[in-house]
Amino acid sequence: MSGGTSSKDSRTKAGQGRDGTRLFLRVDFADGRRLGPGKIKLLEAIREHHSILAAAKAIGMSYRRAWLLVDELDRMFEQRVIVTFPGRRGAGTEVTAFGERVIALYRAMERQAAKATSGALDELTSALAADYHPKSDAEPGDPEADSQLAGPAVKQAG
């Protein structure tokens with residue numbers, strides 16, 4: 001990093017730069033299982049709220065989606081990541097020691113990836129065009145937008 005700023009000063013969270021640029025980390029296991037920021041955020045919210053419903057509300061997720069993700073997490077590992085206690089009002093779910101380990105391992109990988117890619121991320125960020133405007137605002141079927149999405153015309157030889 002240039003300008004005398006330390007890595008600590010320029011990063012707000014693991015994988016996130018001061019300007020909001022962020023590194024996204026998702027583990028895609030060979031058999032199709034996935035572990036990414038959404039499942040980890042849900043586990044952390046369950047740890048805080050001791051409830052799947054309260055955790056889902058806290059992170060803006062539907063209860064059904066949260067329940068399906070928790071079920072998937074519990075099936076994808078040999079050990080359970082949460083344990084539920086039916087009948088407990090408002091504190092019926094706890095993250096297991098293994099679930100805590102999953103969170104810790106993921107967050108460690110995230111920090112390591114952020115540190116390893118910091119220079120490249122800064123270089124890419126500084127190379128961004130200042131006048132960039134996404135084309136996603138174009139209406140479907142707009143001929144001008146469609147031609148821009150298709151890229152430049154290629155002249156056929158012959």
# chains A, B, ... in the order shown; residues from 1 in each chain; ligands from 1

call {"tool": "residues_around", "arguments": {"residues": "Arg33 in chain A", "least_positions_apart": "2", "cutoff": "10 Å", "atoms": "only C-alpha atoms", "output": "PDB file with all heavy atoms, in the first residue's frame"}}
result
ATOM      1  N   VAL A  27     -16.614 -21.465  -0.269  1.00  0.00           N
ATOM      2  CA  VAL A  27     -15.963 -22.759  -0.447  1.00  0.00           C
ATOM      3  C   VAL A  27     -16.928 -23.655  -1.216  1.00  0.00           C
ATOM      4  O   VAL A  27     -18.048 -23.896  -0.763  1.00  0.00           O
ATOM      5  CB  VAL A  27     -15.610 -23.402   0.913  1.00  0.00           C
ATOM      6  CG1 VAL A  27     -14.932 -24.754   0.712  1.00  0.00           C
ATOM      7  CG2 VAL A  27     -14.745 -22.469   1.756  1.00  0.00           C
ATOM      8  N   ASP A  28     -16.496 -24.106  -2.390  1.00  0.00           N
ATOM      9  CA  ASP A  28     -17.270 -25.048  -3.197  1.00  0.00           C
ATOM     10  C   ASP A  28     -16.575 -26.400  -3.074  1.00  0.00           C
ATOM     11  O   ASP A  28     -15.531 -26.624  -3.679  1.00  0.00           O
ATOM     12  CB  ASP A  28     -17.310 -24.625  -4.666  1.00  0.00           C
ATOM     13  CG  ASP A  28     -18.143 -23.379  -4.899  1.00  0.00           C
ATOM     14  OD1 ASP A  28     -19.045 -23.099  -4.099  1.00  0.00           O
ATOM     15  OD2 ASP A  28     -17.889 -22.676  -5.895  1.00  0.00           O
ATOM     16  N   PHE A  29     -17.148 -27.282  -2.254  1.00  0.00           N
ATOM     17  CA  PHE A  29     -16.571 -28.604  -2.069  1.00  0.00           C
ATOM     18  C   PHE A  29     -16.752 -29.426  -3.346  1.00  0.00           C
ATOM     19  O   PHE A  29     -17.663 -29.172  -4.134  1.00  0.00           O
ATOM     20  CB  PHE A  29     -17.212 -29.303  -0.869  1.00  0.00           C
ATOM     21  CG  PHE A  29     -16.934 -28.613   0.442  1.00  0.00           C
ATOM     22  CD1 PHE A  29     -17.869 -27.755   1.000  1.00  0.00           C
ATOM     23  CD2 PHE A  29     -15.732 -28.813   1.109  1.00  0.00           C
ATOM     24  CE1 PHE A  29     -17.619 -27.112   2.203  1.00  0.00           C
ATOM     25  CE2 PHE A  29     -15.469 -28.174   2.309  1.00  0.00           C
ATOM     26  CZ  PHE A  29     -16.409 -27.317   2.856  1.00  0.00           C
ATOM     27  N   ALA A  30     -15.897 -30.410  -3.543  1.00  0.00           N
ATOM     28  CA  ALA A  30     -15.876 -31.205  -4.777  1.00  0.00           C
ATOM     29  C   ALA A  30     -17.217 -31.870  -5.072  1.00  0.00           C
ATOM     30  O   ALA A  30     -17.572 -32.060  -6.234  1.00  0.00           O
ATOM     31  CB  ALA A  30     -14.773 -32.258  -4.705  1.00  0.00           C
ATOM     32  N   ASP A  31     -17.973 -32.210  -4.049  1.00  0.00           N
ATOM     33  CA  ASP A  31     -19.243 -32.912  -4.268  1.00  0.00           C
ATOM     34  C   ASP A  31     -20.449 -31.979  -4.415  1.00  0.00           C
ATOM     35  O   ASP A  31     -21.584 -32.429  -4.440  1.00  0.00           O
ATOM     36  CB  ASP A  31     -19.491 -33.916  -3.137  1.00  0.00           C
ATOM     37  CG  ASP A  31     -19.635 -33.250  -1.779  1.00  0.00           C
ATOM     38  OD1 ASP A  31     -19.555 -31.994  -1.697  1.00  0.00           O
ATOM     39  OD2 ASP A  31     -19.819 -33.972  -0.780  1.00  0.00           O
ATOM     40  N   LEU A  35     -20.093 -23.583   1.250  1.00  0.00           N
ATOM     41  CA  LEU A  35     -20.059 -22.852   2.511  1.00  0.00           C
ATOM     42  C   LEU A  35     -19.611 -21.438   2.199  1.00  0.00           C
ATOM     43  O   LEU A  35     -18.522 -21.233   1.660  1.00  0.00           O
ATOM     44  CB  LEU A  35     -19.082 -23.509   3.501  1.00  0.00           C
ATOM     45  CG  LEU A  35     -18.988 -22.847   4.875  1.00  0.00           C
ATOM     46  CD1 LEU A  35     -20.327 -22.938   5.614  1.00  0.00           C
ATOM     47  CD2 LEU A  35     -17.875 -23.480   5.689  1.00  0.00           C
ATOM     48  N   GLU A  72     -29.293 -27.869   5.961  1.00  0.00           N
ATOM     49  CA  GLU A  72     -28.215 -28.215   5.025  1.00  0.00           C
ATOM     50  C   GLU A  72     -26.865 -28.270   5.746  1.00  0.00           C
ATOM     51  O   GLU A  72     -26.073 -29.190   5.544  1.00  0.00           O
ATOM     52  CB  GLU A  72     -28.163 -27.205   3.883  1.00  0.00           C
ATOM     53  CG  GLU A  72     -27.132 -27.548   2.834  1.00  0.00           C
ATOM     54  CD  GLU A  72     -27.103 -26.562   1.677  1.00  0.00           C
ATOM     55  OE1 GLU A  72     -27.986 -25.686   1.582  1.00  0.00           O
ATOM     56  OE2 GLU A  72     -26.178 -26.684   0.866  1.00  0.00           O
ATOM     57  N   LEU A  73     -26.597 -27.292   6.598  1.00  0.00           N
ATOM     58  CA  LEU A  73     -25.346 -27.282   7.367  1.00  0.00           C
ATOM     59  C   LEU A  73     -25.224 -28.522   8.241  1.00  0.00           C
ATOM     60  O   LEU A  73     -24.156 -29.129   8.335  1.00  0.00           O
ATOM     61  CB  LEU A  73     -25.258 -26.028   8.235  1.00  0.00           C
ATOM     62  CG  LEU A  73     -24.824 -24.752   7.523  1.00  0.00           C
ATOM     63  CD1 LEU A  73     -25.163 -23.532   8.365  1.00  0.00           C
ATOM     64  CD2 LEU A  73     -23.341 -24.800   7.198  1.00  0.00           C
ATOM     65  N   MET A  76     -24.413 -31.505   5.986  1.00  0.00           N
ATOM     66  CA  MET A  76     -23.184 -31.494   5.191  1.00  0.00           C
ATOM     67  C   MET A  76     -21.933 -31.852   5.975  1.00  0.00           C
ATOM     68  O   MET A  76     -20.921 -32.208   5.386  1.00  0.00           O
ATOM     69  CB  MET A  76     -23.003 -30.157   4.452  1.00  0.00           C
ATOM     70  CG  MET A  76     -22.612 -28.975   5.262  1.00  0.00           C
ATOM     71  SD  MET A  76     -22.651 -27.415   4.306  1.00  0.00           S
ATOM     72  CE  MET A  76     -21.175 -27.497   3.356  1.00  0.00           C
ATOM     73  N   PHE A  77     -21.995 -31.804   7.289  1.00  0.00           N
ATOM     74  CA  PHE A  77     -20.844 -32.159   8.111  1.00  0.00           C
ATOM     75  C   PHE A  77     -21.153 -33.396   8.945  1.00  0.00           C
ATOM     76  O   PHE A  77     -22.317 -33.690   9.228  1.00  0.00           O
ATOM     77  CB  PHE A  77     -20.471 -30.995   9.038  1.00  0.00           C
ATOM     78  CG  PHE A  77     -19.942 -29.794   8.310  1.00  0.00           C
ATOM     79  CD1 PHE A  77     -20.708 -28.647   8.183  1.00  0.00           C
ATOM     80  CD2 PHE A  77     -18.676 -29.813   7.737  1.00  0.00           C
ATOM     81  CE1 PHE A  77     -20.220 -27.530   7.508  1.00  0.00           C
ATOM     82  CE2 PHE A  77     -18.181 -28.703   7.060  1.00  0.00           C
ATOM     83  CZ  PHE A  77     -18.951 -27.561   6.946  1.00  0.00           C
TER      84      PHE A  77
END

call {"tool": "residues_around", "arguments": {"residues": "Asp71 in chain A", "least_positions_apart": "6", "cutoff": "12 Å", "atoms": "only C-alpha atoms", "output": "CSV table (one decimal) with N, CA and C atoms, in the first residue's frame"}}
result
chain,number,residue,atom,x,y,z
A,39,LYS,N,-24.3,-18.5,5.1
A,39,LYS,CA,-24.5,-19.6,6.1
A,39,LYS,C,-23.7,-19.2,7.4
A,42,LEU,N,-25.6,-16.5,9.2
A,42,LEU,CA,-26.7,-17.1,9.9
A,42,LEU,C,-26.3,-17.8,11.2
A,43,LEU,N,-25.2,-18.6,11.1
A,43,LEU,CA,-24.7,-19.2,12.3
A,43,LEU,C,-24.3,-18.2,13.4
A,52,ILE,N,-33.5,-19.6,15.7
A,52,ILE,CA,-33.5,-19.5,14.2
A,52,ILE,C,-34.3,-18.4,13.7
A,64,ARG,N,-38.1,-19.7,6.8
A,64,ARG,CA,-38.0,-21.0,6.0
A,64,ARG,C,-36.6,-21.1,5.4
A,65,ARG,N,-36.1,-20.0,4.8
A,65,ARG,CA,-34.8,-20.1,4.2
A,65,ARG,C,-33.7,-20.4,5.3
A,77,PHE,N,-22.0,-31.8,7.3
A,77,PHE,CA,-20.8,-32.2,8.1
A,77,PHE,C,-21.2,-33.4,8.9
A,80,ARG,N,-22.9,-32.0,14.1
A,80,ARG,CA,-24.0,-31.0,14.0
A,80,ARG,C,-23.4,-29.6,14.3
A,81,VAL,N,-23.9,-28.6,13.6
A,81,VAL,CA,-23.4,-27.2,13.9
A,81,VAL,C,-24.3,-26.5,14.8
A,82,ILE,N,-25.6,-26.9,14.9
A,82,ILE,CA,-26.5,-26.4,15.9
A,82,ILE,C,-27.2,-27.5,16.6
A,83,VAL,N,-27.8,-27.2,17.8
A,83,VAL,CA,-28.6,-28.1,18.5
A,83,VAL,C,-29.9,-27.3,18.9
A,84,THR,N,-31.0,-27.9,18.8
A,84,THR,CA,-32.3,-27.2,19.2
A,84,THR,C,-32.9,-27.9,20.4

call {"tool": "closest_residue", "arguments": {"among": "A:Thr117, A:Gly32, A:Val70, A:Lys41", "to": "Ala58 in chain A", "atoms": "only C-alpha atoms"}}
result
A:Lys41

call {"tool": "closest_residue", "arguments": {"among": "A:Asp19, A:Leu53, A:Gln112, A:Ile59", "to": "Gly38 in chain A", "atoms": "only C-alpha atoms"}}
result
A:Ile59

call {"tool": "select_by_dssp", "arguments": {"residues": "range 8-124 of chain A", "states": "strand (DSSP E)", "output": "PDB file with all heavy atoms, in the first residue's frame"}}
result
ATOM      1  N   ARG A  11      -8.267  -1.236   5.698  1.00  0.00           N
ATOM      2  CA  ARG A  11      -9.256  -2.314   5.685  1.00  0.00           C
ATOM      3  C   ARG A  11     -10.203  -2.151   6.860  1.00  0.00           C
ATOM      4  O   ARG A  11      -9.780  -1.991   7.988  1.00  0.00           O
ATOM      5  CB  ARG A  11      -8.588  -3.684   5.782  1.00  0.00           C
ATOM      6  CG  ARG A  11      -7.599  -3.949   4.695  1.00  0.00           C
ATOM      7  CD  ARG A  11      -8.310  -4.295   3.410  1.00  0.00           C
ATOM      8  NE  ARG A  11      -7.355  -4.181   2.333  1.00  0.00           N
ATOM      9  CZ  ARG A  11      -7.700  -3.904   1.095  1.00  0.00           C
ATOM     10  NH1 ARG A  11      -8.938  -3.739   0.767  1.00  0.00           N
ATOM     11  NH2 ARG A  11      -6.793  -3.807   0.165  1.00  0.00           N
ATOM     12  N   THR A  12     -11.506  -2.207   6.579  1.00  0.00           N
ATOM     13  CA  THR A  12     -12.470  -2.082   7.656  1.00  0.00           C
ATOM     14  C   THR A  12     -12.829  -3.439   8.249  1.00  0.00           C
ATOM     15  O   THR A  12     -12.971  -3.569   9.440  1.00  0.00           O
ATOM     16  CB  THR A  12     -13.755  -1.381   7.161  1.00  0.00           C
ATOM     17  OG1 THR A  12     -14.258  -2.090   6.039  1.00  0.00           O
ATOM     18  CG2 THR A  12     -13.462   0.052   6.777  1.00  0.00           C
ATOM     19  N   LYS A  13     -13.019  -4.429   7.419  1.00  0.00           N
ATOM     20  CA  LYS A  13     -13.287  -5.804   7.859  1.00  0.00           C
ATOM     21  C   LYS A  13     -12.489  -6.717   6.963  1.00  0.00           C
ATOM     22  O   LYS A  13     -12.025  -6.310   5.912  1.00  0.00           O
ATOM     23  CB  LYS A  13     -14.775  -6.148   7.699  1.00  0.00           C
ATOM     24  CG  LYS A  13     -15.692  -5.427   8.635  1.00  0.00           C
ATOM     25  CD  LYS A  13     -17.061  -6.041   8.769  1.00  0.00           C
ATOM     26  CE  LYS A  13     -17.797  -6.339   7.511  1.00  0.00           C
ATOM     27  NZ  LYS A  13     -19.183  -6.670   7.686  1.00  0.00           N
ATOM     28  N   GLN A  16     -12.617  -6.390   3.083  1.00  0.00           N
ATOM     29  CA  GLN A  16     -13.321  -5.185   2.664  1.00  0.00           C
ATOM     30  C   GLN A  16     -12.405  -3.982   2.763  1.00  0.00           C
ATOM     31  O   GLN A  16     -11.793  -3.741   3.791  1.00  0.00           O
ATOM     32  CB  GLN A  16     -14.572  -4.963   3.510  1.00  0.00           C
ATOM     33  CG  GLN A  16     -15.391  -3.772   3.034  1.00  0.00           C
ATOM     34  CD  GLN A  16     -16.745  -3.716   3.682  1.00  0.00           C
ATOM     35  OE1 GLN A  16     -17.263  -4.708   4.137  1.00  0.00           O
ATOM     36  NE2 GLN A  16     -17.323  -2.544   3.710  1.00  0.00           N
ATOM     37  N   GLY A  17     -12.323  -3.229   1.680  1.00  0.00           N
ATOM     38  CA  GLY A  17     -11.512  -2.027   1.655  1.00  0.00           C
ATOM     39  C   GLY A  17     -12.267  -0.847   2.221  1.00  0.00           C
ATOM     40  O   GLY A  17     -13.472  -0.893   2.449  1.00  0.00           O
ATOM     41  N   VAL A  27     -16.614 -21.465  -0.269  1.00  0.00           N
ATOM     42  CA  VAL A  27     -15.963 -22.759  -0.447  1.00  0.00           C
ATOM     43  C   VAL A  27     -16.928 -23.655  -1.216  1.00  0.00           C
ATOM     44  O   VAL A  27     -18.048 -23.896  -0.763  1.00  0.00           O
ATOM     45  CB  VAL A  27     -15.610 -23.402   0.913  1.00  0.00           C
ATOM     46  CG1 VAL A  27     -14.932 -24.754   0.712  1.00  0.00           C
ATOM     47  CG2 VAL A  27     -14.745 -22.469   1.756  1.00  0.00           C
ATOM     48  N   ASP A  28     -16.496 -24.106  -2.390  1.00  0.00           N
ATOM     49  CA  ASP A  28     -17.270 -25.048  -3.197  1.00  0.00           C
ATOM     50  C   ASP A  28     -16.575 -26.400  -3.074  1.00  0.00           C
ATOM     51  O   ASP A  28     -15.531 -26.624  -3.679  1.00  0.00           O
ATOM     52  CB  ASP A  28     -17.310 -24.625  -4.666  1.00  0.00           C
ATOM     53  CG  ASP A  28     -18.143 -23.379  -4.899  1.00  0.00           C
ATOM     54  OD1 ASP A  28     -19.045 -23.099  -4.099  1.00  0.00           O
ATOM     55  OD2 ASP A  28     -17.889 -22.676  -5.895  1.00  0.00           O
ATOM     56  N   ARG A  34     -21.608 -26.314  -0.477  1.00  0.00           N
ATOM     57  CA  ARG A  34     -21.056 -24.958  -0.460  1.00  0.00           C
ATOM     58  C   ARG A  34     -21.119 -24.368   0.940  1.00  0.00           C
ATOM     59  O   ARG A  34     -22.068 -24.603   1.682  1.00  0.00           O
ATOM     60  CB  ARG A  34     -21.843 -24.053  -1.392  1.00  0.00           C
ATOM     61  CG  ARG A  34     -21.697 -24.424  -2.833  1.00  0.00           C
ATOM     62  CD  ARG A  34     -22.518 -23.508  -3.680  1.00  0.00           C
ATOM     63  NE  ARG A  34     -22.237 -23.772  -5.087  1.00  0.00           N
ATOM     64  CZ  ARG A  34     -22.917 -23.255  -6.069  1.00  0.00           C
ATOM     65  NH1 ARG A  34     -23.916 -22.447  -5.836  1.00  0.00           N
ATOM     66  NH2 ARG A  34     -22.599 -23.537  -7.308  1.00  0.00           N
ATOM     67  N   LEU A  35     -20.093 -23.583   1.250  1.00  0.00           N
ATOM     68  CA  LEU A  35     -20.059 -22.852   2.511  1.00  0.00           C
ATOM     69  C   LEU A  35     -19.611 -21.438   2.199  1.00  0.00           C
ATOM     70  O   LEU A  35     -18.522 -21.233   1.660  1.00  0.00           O
ATOM     71  CB  LEU A  35     -19.082 -23.509   3.501  1.00  0.00           C
ATOM     72  CG  LEU A  35     -18.988 -22.847   4.875  1.00  0.00           C
ATOM     73  CD1 LEU A  35     -20.327 -22.938   5.614  1.00  0.00           C
ATOM     74  CD2 LEU A  35     -17.875 -23.480   5.689  1.00  0.00           C
ATOM     75  N   ILE A  82     -25.582 -26.939  14.942  1.00  0.00           N
ATOM     76  CA  ILE A  82     -26.497 -26.364  15.930  1.00  0.00           C
ATOM     77  C   ILE A  82     -27.228 -27.491  16.641  1.00  0.00           C
ATOM     78  O   ILE A  82     -27.293 -28.618  16.156  1.00  0.00           O
ATOM     79  CB  ILE A  82     -27.540 -25.404  15.316  1.00  0.00           C
ATOM     80  CG1 ILE A  82     -28.493 -26.147  14.376  1.00  0.00           C
ATOM     81  CG2 ILE A  82     -26.903 -24.232  14.612  1.00  0.00           C
ATOM     82  CD1 ILE A  82     -29.888 -25.646  14.454  1.00  0.00           C
ATOM     83  N   VAL A  83     -27.772 -27.158  17.776  1.00  0.00           N
ATOM     84  CA  VAL A  83     -28.632 -28.089  18.499  1.00  0.00           C
ATOM     85  C   VAL A  83     -29.867 -27.293  18.920  1.00  0.00           C
ATOM     86  O   VAL A  83     -29.773 -26.122  19.288  1.00  0.00           O
ATOM     87  CB  VAL A  83     -27.904 -28.738  19.706  1.00  0.00           C
ATOM     88  CG1 VAL A  83     -27.378 -27.713  20.662  1.00  0.00           C
ATOM     89  CG2 VAL A  83     -28.768 -29.759  20.401  1.00  0.00           C
ATOM     90  N   THR A  84     -31.037 -27.929  18.792  1.00  0.00           N
ATOM     91  CA  THR A  84     -32.284 -27.250  19.154  1.00  0.00           C
ATOM     92  C   THR A  84     -32.887 -27.900  20.381  1.00  0.00           C
ATOM     93  O   THR A  84     -32.701 -29.087  20.642  1.00  0.00           O
ATOM     94  CB  THR A  84     -33.301 -27.304  17.994  1.00  0.00           C
ATOM     95  OG1 THR A  84     -33.539 -28.670  17.665  1.00  0.00           O
ATOM     96  CG2 THR A  84     -32.795 -26.555  16.783  1.00  0.00           C
ATOM     97  N   THR A  93     -32.221 -22.627  20.448  1.00  0.00           N
ATOM     98  CA  THR A  93     -31.189 -23.067  19.511  1.00  0.00           C
ATOM     99  C   THR A  93     -29.826 -22.587  19.974  1.00  0.00           C
ATOM    100  O   THR A  93     -29.674 -21.437  20.374  1.00  0.00           O
ATOM    101  CB  THR A  93     -31.458 -22.509  18.092  1.00  0.00           C
ATOM    102  OG1 THR A  93     -32.800 -22.809  17.720  1.00  0.00           O
ATOM    103  CG2 THR A  93     -30.521 -23.123  17.072  1.00  0.00           C
ATOM    104  N   GLU A  94     -28.857 -23.474  19.914  1.00  0.00           N
ATOM    105  CA  GLU A  94     -27.488 -23.107  20.271  1.00  0.00           C
ATOM    106  C   GLU A  94     -26.538 -23.616  19.194  1.00  0.00           C
ATOM    107  O   GLU A  94     -26.747 -24.678  18.619  1.00  0.00           O
ATOM    108  CB  GLU A  94     -27.096 -23.703  21.619  1.00  0.00           C
ATOM    109  CG  GLU A  94     -27.850 -23.100  22.784  1.00  0.00           C
ATOM    110  CD  GLU A  94     -27.470 -23.720  24.114  1.00  0.00           C
ATOM    111  OE1 GLU A  94     -26.471 -24.469  24.181  1.00  0.00           O
ATOM    112  OE2 GLU A  94     -28.188 -23.455  25.083  1.00  0.00           O
ATOM    113  N   VAL A  95     -25.489 -22.851  18.951  1.00  0.00           N
ATOM    114  CA  VAL A  95     -24.431 -23.280  18.046  1.00  0.00           C
ATOM    115  C   VAL A  95     -23.529 -24.229  18.832  1.00  0.00           C
ATOM    116  O   VAL A  95     -23.137 -23.929  19.959  1.00  0.00           O
ATOM    117  CB  VAL A  95     -23.629 -22.074  17.508  1.00  0.00           C
ATOM    118  CG1 VAL A  95     -22.469 -22.517  16.642  1.00  0.00           C
ATOM    119  CG2 VAL A  95     -24.547 -21.131  16.729  1.00  0.00           C
TER     120      VAL A  95
END

call {"tool": "atom_distance", "arguments": {"atom1": "CA of Gly36 in chain A", "atom2": "CA of Ala104 in chain A"}}
result
12.7 Å

call {"tool": "atom_distance", "arguments": {"atom1": "CA of Ile40 in chain A", "atom2": "CA of Ile103 in chain A"}}
result
6.0 Å
